[in-house]
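Student: This is the content of model_9.tsv (TSV, C-alpha atoms):
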chain	number	residue	atom	x	y	z
A	1	MET	CA	0.00	0.00	0.00
A	2	LYS	CA	2.78	2.38	0.97
A	3	ARG	CA	4.58	1.55	-2.24
A	4	LEU	CA	1.45	2.14	-4.27
A	5	LEU	CA	0.94	5.51	-2.60
A	6	LEU	CA	4.56	6.41	-3.26
A	7	PHE	CA	4.15	5.37	-6.88
A	8	PHE	CA	1.12	7.63	-7.35
A	9	ALA	CA	2.79	10.48	-5.50
A	10	LEU	CA	5.77	10.25	-7.86
A	11	ALA	CA	3.63	9.75	-10.95
A	12	THR	CA	1.55	12.86	-10.26
A	13	ALA	CA	4.35	15.04	-8.87
A	14	GLN	CA	4.54	18.57	-10.24
A	15	PRO	CA	7.97	19.43	-11.58
A	16	LEU	CA	9.42	22.46	-9.82
A	17	TYR	CA	9.75	25.19	-12.43
A	18	ALA	CA	11.97	28.19	-11.89
A	19	ASP	CA	9.18	30.31	-13.33
A	20	SER	CA	6.94	33.00	-11.97
A	21	ASN	CA	3.29	32.67	-11.05
A	22	LEU	CA	2.14	35.37	-13.44
A	23	PRO	CA	0.32	34.39	-16.65
A	24	PRO	CA	2.25	34.74	-19.94
A	25	ALA	CA	2.45	38.24	-21.42
A	26	TYR	CA	-0.52	39.14	-23.67
A	27	TRP	CA	1.20	38.95	-27.07
A	28	SER	CA	3.58	36.11	-26.18
A	29	ASP	CA	1.45	33.39	-27.77
A	30	ARG	CA	-1.09	35.45	-29.69
A	31	GLN	CA	-0.84	36.55	-33.29
A	32	LEU	CA	-1.19	40.17	-34.31
A	33	PRO	CA	-4.52	40.88	-36.06
A	34	ASP	CA	-2.72	42.35	-39.08
A	35	PRO	CA	-1.23	39.42	-41.07
A	36	ARG	CA	1.49	41.58	-42.62
A	37	GLN	CA	2.64	42.78	-39.19
A	38	GLU	CA	2.47	39.26	-37.78
A	39	ALA	CA	4.65	38.01	-40.65
A	40	GLU	CA	7.19	40.75	-39.89
A	41	ALA	CA	7.16	39.88	-36.18
A	42	GLN	CA	7.48	36.16	-36.91
A	43	ALA	CA	10.45	36.72	-39.24
A	44	LEU	CA	12.21	38.77	-36.56
A	45	MET	CA	11.39	36.35	-33.72
A	46	ASP	CA	12.92	33.50	-35.75
A	47	GLN	CA	16.20	35.44	-35.79
A	48	ILE	CA	16.40	36.50	-32.14
A	49	ARG	CA	18.22	34.17	-29.78
A	50	CYS	CA	16.52	33.08	-26.57
A	51	LEU	CA	18.50	34.22	-23.51
A	52	VAL	CA	17.53	31.14	-21.51
A	53	CYS	CA	17.60	28.29	-24.04
A	54	GLN	CA	20.61	29.63	-25.94
A	55	GLY	CA	20.55	27.97	-29.34
A	56	GLN	CA	16.80	28.35	-29.78
A	57	SER	CA	15.08	31.36	-31.21
A	58	ILE	CA	12.52	33.20	-29.10
A	59	ALA	CA	9.89	31.91	-31.55
A	60	ASP	CA	10.76	28.32	-30.60
A	61	SER	CA	11.52	28.69	-26.90
A	62	ASP	CA	9.07	27.97	-24.10
A	63	ALA	CA	11.04	30.04	-21.58
A	64	GLU	CA	9.09	32.80	-19.85
A	65	LEU	CA	11.65	35.42	-20.84
A	66	ALA	CA	11.30	34.36	-24.48
A	67	GLY	CA	7.53	34.86	-24.13
A	68	ASP	CA	8.13	38.34	-22.77
A	69	MET	CA	10.48	39.06	-25.67
A	70	ARG	CA	7.88	37.88	-28.20
A	71	ASP	CA	5.42	40.18	-26.49
A	72	LEU	CA	7.92	43.03	-26.75
A	73	VAL	CA	8.57	42.35	-30.45
A	74	ARG	CA	4.84	42.15	-31.34
A	75	ARG	CA	3.99	45.25	-29.29
A	76	ARG	CA	6.68	47.28	-31.04
A	77	ILE	CA	5.78	45.99	-34.51
A	78	ALA	CA	2.12	46.81	-33.81
A	79	ALA	CA	3.22	50.31	-32.78
A	80	GLY	CA	4.78	50.72	-36.22
A	81	GLU	CA	8.45	50.13	-35.35
A	82	LYS	CA	10.63	48.58	-38.07
A	83	PRO	CA	12.03	45.07	-37.37
A	84	ASP	CA	15.59	46.28	-37.97
A	85	ALA	CA	15.15	49.00	-35.34
A	86	ILE	CA	13.96	46.41	-32.79
A	87	ARG	CA	16.91	44.17	-33.68
A	88	ALA	CA	19.30	47.10	-33.23
A	89	TRP	CA	17.69	47.92	-29.87
A	90	LEU	CA	18.26	44.34	-28.68
A	91	ILE	CA	21.83	44.24	-30.03
A	92	GLN	CA	22.54	47.45	-28.09
A	93	ARG	CA	21.61	45.53	-24.91
A	94	TYR	CA	22.94	42.02	-25.50
A	95	GLY	CA	25.49	42.39	-28.28
A	96	THR	CA	25.35	40.89	-31.79
A	97	TRP	CA	25.09	37.50	-30.09
A	98	ILE	CA	21.34	38.03	-29.66
A	99	SER	CA	20.71	38.02	-33.42
A	100	TYR	CA	21.12	34.97	-35.63
A	101	LYS	CA	21.45	37.16	-38.71
A	102	PRO	CA	25.18	37.38	-39.53
A	103	THR	CA	26.52	40.91	-39.26
A	104	SER	CA	29.16	42.64	-41.40
A	105	GLU	CA	31.45	43.18	-38.39
A	106	PRO	CA	35.14	42.22	-38.78
A	107	ALA	CA	34.53	39.18	-36.54
A	108	ALA	CA	32.13	37.80	-39.16
A	109	TRP	CA	34.39	38.41	-42.17
A	110	PRO	CA	35.76	34.81	-42.25
A	111	LEU	CA	32.15	33.65	-42.54
A	112	TRP	CA	31.59	35.78	-45.63
A	113	LEU	CA	35.00	35.00	-47.12
A	114	LEU	CA	34.81	31.24	-46.61
A	115	PRO	CA	32.64	30.50	-49.70
A	116	LEU	CA	35.07	32.52	-51.85
A	117	ALA	CA	38.06	30.72	-50.34
A	118	LEU	CA	36.43	27.33	-50.93
A	119	LEU	CA	35.70	28.25	-54.55
A	120	LEU	CA	39.35	29.21	-55.05
A	121	VAL	CA	40.53	25.93	-53.50
A	122	GLY	CA	38.14	24.06	-55.80
A	123	ALA	CA	39.42	25.87	-58.88
A	124	TRP	CA	42.99	25.11	-57.89
A	125	LEU	CA	42.18	21.40	-57.43
A	126	ILE	CA	40.50	21.22	-60.86
A	127	ARG	CA	43.45	22.95	-62.47
A	128	ARG	CA	45.83	20.43	-60.93
A	129	ARG	CA	43.69	17.53	-62.11
A	130	ILE	CA	43.62	18.80	-65.68
A	131	ARG	CA	47.38	19.31	-65.67
A	132	MET	CA	47.98	15.78	-64.34
A	133	ARG	CA	45.81	14.31	-67.13
A	134	ARG	CA	47.75	16.24	-69.73
A	135	GLY	CA	50.98	15.01	-68.23
A	136	GLN	CA	49.96	11.35	-68.72
B	1	MET	CA	50.44	12.11	-53.30
B	2	SER	CA	53.30	13.07	-51.06
B	3	ARG	CA	54.12	11.14	-47.93
B	4	ALA	CA	53.41	14.08	-45.61
B	5	PHE	CA	49.98	14.54	-47.17
B	6	ARG	CA	49.07	10.95	-46.32
B	7	PHE	CA	49.29	11.71	-42.60
B	8	ALA	CA	47.08	14.78	-42.85
B	9	PRO	CA	43.92	13.00	-41.57
B	10	ILE	CA	45.75	12.00	-38.38
B	11	GLY	CA	46.88	15.59	-37.97
B	12	VAL	CA	43.31	16.78	-38.36
B	13	LEU	CA	42.13	14.20	-35.83
B	14	LEU	CA	44.78	15.36	-33.34
B	15	LEU	CA	43.68	18.95	-33.85
B	16	ILE	CA	40.05	18.01	-33.14
B	17	ILE	CA	41.07	16.11	-30.00
B	18	ALA	CA	43.18	19.07	-28.85
B	19	ALA	CA	40.22	21.41	-29.37
B	20	LEU	CA	37.91	19.10	-27.40
B	21	VAL	CA	40.39	18.76	-24.53
B	22	TRP	CA	40.85	22.54	-24.44
B	23	ARG	CA	37.08	23.11	-24.28
B	24	LEU	CA	36.74	20.55	-21.48
B	25	ALA	CA	39.52	22.22	-19.51
B	26	THR	CA	38.13	25.75	-19.97
B	27	PRO	CA	34.33	25.50	-20.04
B	28	LYS	CA	32.39	28.01	-22.10
B	29	ASP	CA	31.02	31.07	-20.32
B	30	ASN	CA	27.27	30.80	-20.86
B	31	ASN	CA	26.51	34.02	-18.99
B	32	VAL	CA	24.94	36.73	-21.08
B	33	HIS	CA	26.93	39.89	-20.41
B	34	SER	CA	24.98	43.10	-20.77
B	35	THR	CA	26.42	45.54	-23.26
B	36	MET	CA	24.72	48.34	-21.33
B	37	VAL	CA	27.67	48.54	-18.93
B	38	GLY	CA	29.25	51.97	-19.47
B	39	LYS	CA	25.99	53.42	-20.81
B	40	PRO	CA	23.33	55.44	-18.99
B	41	VAL	CA	20.42	53.58	-17.42
B	42	PRO	CA	17.62	53.48	-20.00
B	43	ALA	CA	14.60	55.54	-19.00
B	44	PHE	CA	11.96	53.55	-17.14
B	45	ASP	CA	9.17	54.19	-14.67
B	46	LEU	CA	7.98	51.14	-12.79
B	47	PRO	CA	4.92	51.08	-10.52
B	48	SER	CA	5.02	50.21	-6.84
B	49	ILE	CA	4.16	46.63	-5.93
B	50	VAL	CA	4.01	46.40	-2.12
B	51	PRO	CA	2.44	48.97	0.20
B	52	ASN	CA	4.76	51.42	2.03
B	53	LYS	CA	7.46	50.86	-0.56
B	54	PRO	CA	8.00	53.64	-3.11
B	55	ALA	CA	8.02	52.84	-6.82
B	56	LEU	CA	11.22	52.92	-8.90
B	57	SER	CA	12.05	55.04	-11.92
B	58	SER	CA	15.33	55.63	-13.75
B	59	ALA	CA	15.55	59.07	-12.09
B	60	ASP	CA	15.58	57.41	-8.64
B	61	VAL	CA	18.84	55.56	-9.31
B	62	ALA	CA	20.76	58.67	-10.46
B	63	THR	CA	20.85	60.64	-7.24
B	64	GLY	CA	24.52	61.60	-7.09
B	65	GLN	CA	25.23	58.51	-4.98
B	66	PRO	CA	26.03	55.05	-6.37
B	67	HIS	CA	23.08	52.63	-6.32
B	68	LEU	CA	22.91	48.87	-6.40
B	69	VAL	CA	19.95	47.89	-8.59
B	70	ASN	CA	18.97	44.34	-7.78
B	71	ILE	CA	16.85	42.37	-10.24
B	72	PHE	CA	15.05	39.74	-8.22
B	73	ALA	CA	11.78	37.88	-7.71
B	74	SER	CA	9.93	36.11	-4.93
B	75	TRP	CA	9.82	32.96	-7.10
B	76	CYS	CA	13.61	32.91	-7.44
B	77	VAL	CA	15.33	30.53	-5.03
B	78	PRO	CA	18.90	31.98	-5.06
B	79	CYS	CA	17.33	35.39	-4.27
B	80	ILE	CA	16.46	34.12	-0.79
B	81	THR	CA	20.10	33.75	0.21
B	82	GLU	CA	21.11	36.87	-1.70
B	83	VAL	CA	18.70	39.07	0.24
B	84	LYS	CA	20.62	38.37	3.45
B	85	VAL	CA	23.86	39.53	1.85
B	86	LEU	CA	22.06	42.63	0.53
B	87	LYS	CA	20.87	43.29	4.07
B	88	ALA	CA	24.52	43.30	5.19
B	89	LEU	CA	25.39	45.68	2.32
B	90	GLN	CA	22.54	47.95	3.38
B	91	GLY	CA	24.09	47.97	6.86
B	92	ARG	CA	27.27	49.36	5.25
B	93	GLY	CA	25.26	52.28	3.84
B	94	VAL	CA	24.68	50.98	0.32
B	95	HIS	CA	21.60	52.31	-1.52
B	96	ILE	CA	19.77	49.23	-2.79
B	97	ASP	CA	16.82	49.39	-5.17
B	98	GLY	CA	14.85	46.39	-6.35
B	99	ILE	CA	13.28	45.47	-9.66
B	100	ALA	CA	10.80	42.68	-8.98
B	101	VAL	CA	10.41	40.61	-12.14
B	102	ARG	CA	6.99	39.05	-12.90
B	103	ASP	CA	5.91	39.17	-9.29
B	104	ARG	CA	2.60	39.29	-7.39
B	105	PRO	CA	2.16	41.75	-4.49
B	106	ALA	CA	1.16	39.09	-1.93
B	107	ASP	CA	4.05	36.80	-2.91
B	108	LEU	CA	6.56	39.63	-2.71
B	109	ALA	CA	5.27	40.93	0.64
B	110	ASP	CA	5.59	37.40	2.00
B	111	PHE	CA	9.11	37.08	0.55
B	112	LEU	CA	10.22	40.35	2.19
B	113	ALA	CA	8.62	39.50	5.54
B	114	ARG	CA	10.29	36.10	5.54
B	115	ASN	CA	13.77	36.94	4.27
B	116	GLY	CA	14.33	40.60	5.11
B	117	ASP	CA	13.94	43.81	3.17
B	118	PRO	CA	17.09	45.71	2.14
B	119	TYR	CA	15.32	47.77	-0.55
B	120	GLU	CA	14.78	51.54	-0.52
B	121	ARG	CA	12.45	51.28	-3.50
B	122	ILE	CA	10.93	48.41	-5.45
B	123	GLY	CA	9.51	48.64	-8.96
B	124	SER	CA	7.27	45.98	-10.43
B	125	ASP	CA	8.49	44.72	-13.82
B	126	SER	CA	5.55	42.47	-14.69
B	127	GLN	CA	6.57	41.79	-18.32
B	128	SER	CA	10.37	41.76	-17.87
B	129	ASP	CA	10.45	44.98	-19.94
B	130	VAL	CA	12.98	46.85	-17.81
B	131	GLN	CA	14.98	43.67	-17.28
B	132	ILE	CA	15.35	43.32	-21.06
B	133	SER	CA	16.10	47.02	-21.55
B	134	LEU	CA	18.98	46.66	-19.05
B	135	GLY	CA	20.39	43.69	-20.95
B	136	SER	CA	19.73	41.29	-18.09
B	137	SER	CA	18.85	37.69	-18.81
B	138	GLY	CA	17.75	36.24	-15.49
B	139	VAL	CA	17.27	36.57	-11.76
B	140	PRO	CA	19.11	37.42	-9.64
B	141	GLU	CA	21.29	40.00	-11.33
B	142	SER	CA	22.53	43.33	-10.04
B	143	PHE	CA	23.73	46.51	-11.67
B	144	ILE	CA	25.92	49.13	-10.03
B	145	VAL	CA	24.83	52.57	-11.20
B	146	ASP	CA	27.00	55.60	-10.48
B	147	GLY	CA	25.77	58.98	-9.25
B	148	LYS	CA	25.22	60.24	-12.80
B	149	GLY	CA	23.07	57.26	-13.69
B	150	VAL	CA	25.68	55.39	-15.74
B	151	ILE	CA	25.79	51.59	-15.39
B	152	ARG	CA	29.25	50.65	-14.10
B	153	PHE	CA	29.07	46.95	-13.32
B	154	GLN	CA	26.86	43.92	-13.85
B	155	GLN	CA	26.74	41.05	-11.38
B	156	ILE	CA	25.30	37.90	-12.94
B	157	GLY	CA	23.81	35.54	-10.36
B	158	ALA	CA	23.45	36.03	-6.63
B	159	ILE	CA	25.83	38.25	-4.67
B	160	GLU	CA	27.45	35.84	-2.21
B	161	ALA	CA	28.90	36.82	1.15
B	162	SER	CA	32.36	36.39	-0.39
B	163	ASP	CA	31.49	38.96	-3.08
B	164	VAL	CA	30.86	41.75	-0.56
B	165	PRO	CA	34.38	43.30	-0.63
B	166	MET	CA	34.36	43.25	-4.46
B	167	ILE	CA	30.88	44.86	-4.61
B	168	LEU	CA	31.91	47.51	-2.06
B	169	SER	CA	35.02	48.40	-4.07
B	170	LYS	CA	32.95	48.60	-7.29
B	171	LEU	CA	30.54	50.93	-5.48
B	172	GLU	CA	33.49	53.00	-4.27
B	173	GLN	CA	34.77	53.26	-7.86
B	174	ALA	CA	31.31	54.39	-8.99
B	175	ARG	CA	31.25	57.22	-6.47
Output the file's structure as structure tokens, nothing else.

Tutor:
Amino acid sequence: MKRLLLFFALATAQPLYADSNLPPAYWSDRQLPDPRQEAEAQALMDQIRCLVCQGQSIADSDAELAGDMRDLVRRRIAAGEKPDAIRAWLIQRYGTWISYKPTSEPAAWPLWLLPLALLLVGAWLIRRRIRMRRGQ
Amino acid sequence: MSRAFRFAPIGVLLLIIAALVWRLATPKDNNVHSTMVGKPVPAFDLPSIVPNKPALSSADVATGQPHLVNIFASWCVPCITEVKVLKALQGRGVHIDGIAVRDRPADLADFLARNGDPYERIGSDSQSDVQISLGSSGVPESFIVDGKGVIRFQQIGAIEASDVPMILSKLEQAR
């Protein structure tokens, strides 16, 4: 009997969340009435990193803070702010790390140059191949 | 293919192993550091949340004296131990203001009655708005704001008893 009770106690236990007792922010899981604005908000939310589940976007994350950030993004879009201005506002607070969209900062230059470098390596390899064939 | 080239894959493997060992030895810093340090506190005006405790606005933290702005919540477990350290800091004459994130008045009043109340003012940040505008990513976090209202230091996580001398010297530097 004791074991059975223990089993039910464990099976129905509530996990202890490090979350508040307030309901989610109004716009956190609610679409904007204007489809064009909602699309803009969605596109931005897909590119903003969640501060809690780093590696997820705020659109994907279930963290409370991500909900509050979705609310913030939708509120600002609804107020007529441009997505790039909201992104810049967030970058000012958290650094370029917060945005998944690659920047043109010097730190990101290798990222932009890599495709070019790979193309050059490929061209060099092909050239070598052709020369070797000719040499046969 | 040259002889040296043949051993390249082993070289690459060794490089990967070296990288993995290095990352194990020096774990990644997953803290999100606010880039607002060195900048003025963004303008905000938070309402009061518990009776007899004044509300908090950005003007209240730029009074000519350094302030410790503590971002906390009654639902945050490490905040319980931190509040006792803050109480000790208050005893040393530190101005401590609180930003209560996503909190309910009854919960917060209970939290303060139970654990102590080192706060001069407490603002209620019910949608994490001010927390986000400060570049903070969790509770507890604290910001040291100098007399002119410029953010000088960010403490990520609870202020432990062992951090007190460091916090006091940062406050002294912000004077």

Student: Hey, which of A:Leu51, A:Ala88, A:Leu22, A:Ala66 ends up closest to Ser136 of chain B? Count only C-alpha atoms.

Tutor: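 Closest residue, counting only C-alpha atoms: A:Leu51.
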
Student: Which residues, written as a list in words, have at least one atom at most 8 Å from Ile49 of chain B, with all atoms listed in the file counted and residues fewer than 4 positions away on the same chain left out?

Tutor: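 These residues fall inside the cut-off: Lys53, Ala55, Arg104, Pro105, Ile122, Gly123 and Ser124 of chain B.
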
Student: Could you jot down the atom CA of Asp146 of chain B to atom CA of Lys84 of chain B separation for me, Å, one decimal place?

Tutor: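 Between these atoms lies a distance of 23.1 Å.
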
Student: Taking all atoms listed in the file into account, report as a ChimeraX atom specification which residues of chain A lie within 8 Å of chain B.

Tutor: /A:18-22,25,51-52,65,68-69,72,90,92-95

Student: Between atom CA of Glu120 of chain B and atom CA of Pro140 of chain B, what is the spacing in Å?

Tutor: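 Straight-line distance from atom CA of Pro140 of chain B to atom CA of Glu120 of chain B works out to 17.4 Å.
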
Student: Return as AutoDock Vina command-line options the box centre and box size in Å, one decimal, for an axis-aligned box around all listed atoms of segment 83-91 of chain A padded by 3 Å per side.

Tutor:
--center_x 16.9 --center_y 46.6 --center_z -33.3 --size_x 15.8 --size_y 10.8 --size_z 15.3

Student: Skipping near chain neighbours, those fewer than 6 positions away, what residues fall within 12 Å of Asp117 of chain B using only C-alpha atoms, listed as a short mmCIF file (atom, residue, chain, number, x, y, z; two decimals) with C-alpha atoms, in the coordinates of the input?

Tutor:
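Done, and the output landed in part_8.cif:
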data_model
loop_
_atom_site.label_atom_id
_atom_site.label_comp_id
_atom_site.auth_asym_id
_atom_site.auth_seq_id
_atom_site.Cartn_x
_atom_site.Cartn_y
_atom_site.Cartn_z
CA VAL B 50 4.01 46.40 -2.12
CA ASN B 52 4.76 51.42 2.03
CA LYS B 53 7.46 50.86 -0.56
CA SER B 74 9.93 36.11 -4.93
CA CYS B 79 17.33 35.39 -4.27
CA ILE B 80 16.46 34.12 -0.79
CA GLU B 82 21.11 36.87 -1.70
CA VAL B 83 18.70 39.07 0.24
CA LYS B 84 20.62 38.37 3.45
CA VAL B 85 23.86 39.53 1.85
CA LEU B 86 22.06 42.63 0.53
CA LYS B 87 20.87 43.29 4.07
CA ALA B 88 24.52 43.30 5.19
CA LEU B 89 25.39 45.68 2.32
CA GLN B 90 22.54 47.95 3.38
CA GLY B 91 24.09 47.97 6.86
CA ILE B 96 19.77 49.23 -2.79
CA ASP B 97 16.82 49.39 -5.17
CA GLY B 98 14.85 46.39 -6.35
CA LEU B 108 6.56 39.63 -2.71
CA ALA B 109 5.27 40.93 0.64
CA ASP B 110 5.59 37.40 2.00
CA PHE B 111 9.11 37.08 0.55
#

Student: Rounded to one decimal in Å, what is the spacing between atom CA of Val73 of chain A and atom CA of Ala41 of chain A?

Tutor: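 Going from atom CA of Val73 of chain A over to atom CA of Ala41 of chain A covers 6.4 Å.
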
Student: With all atoms listed in the file as the basis for distance, which of A:Met132, A:Ala123, A:Leu4, A:Met45 is at the shortest distance from Asp84 of chain A?

Tutor: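 Using all atoms listed in the file, the shortest distance to Asp84 of chain A belongs to A:Met45.
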
Student: What's around Thr103 of chain A at 12 Å? Count only C-alpha atoms, leave out sequence neighbours fewer than 6 positions away in its own chain, and write the answer as number ranges by chain.

Tutor: A: 87-88, 91, 95-97, 109-112

Student: Could you pull the residues within 10 Å of Gly80 of chain A, counting only C-alpha atoms, minus those fewer than 5 positions along the same chain, as a PyMOL selection string?

Tutor: chain A and resi 37+74-75

Student: Could you write out the selected residues, including C-alpha atoms, as a PDB file, keeping the file's coordinate frame?

Tutor:
ATOM      1  CA  GLN A  37       2.640  42.780 -39.190  1.00  0.00           C
ATOM      2  CA  ARG A  74       4.840  42.150 -31.340  1.00  0.00           C
ATOM      3  CA  ARG A  75       3.990  45.250 -29.290  1.00  0.00           C
TER       4      ARG A  75
END

Student: Go through B:Leu20, B:Ala161, B:Val145, B:Leu112 and flag the residue nearest Ala59 of chain B, using all atoms listed in the file for the distances.

Tutor: B:Val145

Student: Please determine, counting all atoms listed in the file, which residue among A:Leu5, A:Leu118, A:Ile77, A:Ile98 has the shortest atom-to-atom distance to Gln56 of chain A.

Tutor: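 Answer, going by the shortest atom-to-atom distance: A:Ile98.
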
Student: Let me make sure I understand: among A:Lys2, A:Lys101, A:Lys82, A:Arg128, which one has the smallest atom-to-atom distance to Ser57 of chain A if we use only C-alpha atoms?

Tutor: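 Of all the options, A:Lys101 lies closest to Ser57 of chain A.
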
Student: Around the point (24.4, 45.4, -6.5) in the file's coordinates, collect all residues with an atom within 10 Å, using all atoms listed in the file, and return them as a list in words.

Tutor: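 The residues that fall inside the cut-off are Pro66, His67, Leu68, Val69, Asn70, Ile71, Leu86, Leu89, Val94, His95, Ile96, Asp97, Gly98, Glu141, Ser142, Phe143, Ile144, Val145, Phe153, Gln154, Gln155, Ile156, Ala158, Ile159, Val164, Ile167, Leu168, Lys170 and Leu171 of chain B.
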
Student: Using the selection just defined, write its residues with C-alpha atoms as a PDB file, keeping the file's coordinate frame.

Tutor:
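So again_38.pdb came out as:
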ATOM      1  CA  PRO B  66      26.030  55.050  -6.370  1.00  0.00           C
ATOM      2  CA  HIS B  67      23.080  52.630  -6.320  1.00  0.00           C
ATOM      3  CA  LEU B  68      22.910  48.870  -6.400  1.00  0.00           C
ATOM      4  CA  VAL B  69      19.950  47.890  -8.590  1.00  0.00           C
ATOM      5  CA  ASN B  70      18.970  44.340  -7.780  1.00  0.00           C
ATOM      6  CA  ILE B  71      16.850  42.370 -10.240  1.00  0.00           C
ATOM      7  CA  LEU B  86      22.060  42.630   0.530  1.00  0.00           C
ATOM      8  CA  LEU B  89      25.390  45.680   2.320  1.00  0.00           C
ATOM      9  CA  VAL B  94      24.680  50.980   0.320  1.00  0.00           C
ATOM     10  CA  HIS B  95      21.600  52.310  -1.520  1.00  0.00           C
ATOM     11  CA  ILE B  96      19.770  49.230  -2.790  1.00  0.00           C
ATOM     12  CA  ASP B  97      16.820  49.390  -5.170  1.00  0.00           C
ATOM     13  CA  GLY B  98      14.850  46.390  -6.350  1.00  0.00           C
ATOM     14  CA  GLU B 141      21.290  40.000 -11.330  1.00  0.00           C
ATOM     15  CA  SER B 142      22.530  43.330 -10.040  1.00  0.00           C
ATOM     16  CA  PHE B 143      23.730  46.510 -11.670  1.00  0.00           C
ATOM     17  CA  ILE B 144      25.920  49.130 -10.030  1.00  0.00           C
ATOM     18  CA  VAL B 145      24.830  52.570 -11.200  1.00  0.00           C
ATOM     19  CA  PHE B 153      29.070  46.950 -13.320  1.00  0.00           C
ATOM     20  CA  GLN B 154      26.860  43.920 -13.850  1.00  0.00           C
ATOM     21  CA  GLN B 155      26.740  41.050 -11.380  1.00  0.00           C
ATOM     22  CA  ILE B 156      25.300  37.900 -12.940  1.00  0.00           C
ATOM     23  CA  ALA B 158      23.450  36.030  -6.630  1.00  0.00           C
ATOM     24  CA  ILE B 159      25.830  38.250  -4.670  1.00  0.00           C
ATOM     25  CA  VAL B 164      30.860  41.750  -0.560  1.00  0.00           C
ATOM     26  CA  ILE B 167      30.880  44.860  -4.610  1.00  0.00           C
ATOM     27  CA  LEU B 168      31.910  47.510  -2.060  1.00  0.00           C
ATOM     28  CA  LYS B 170      32.950  48.600  -7.290  1.00  0.00           C
ATOM     29  CA  LEU B 171      30.540  50.930  -5.480  1.00  0.00           C
TER      30      LEU B 171
END
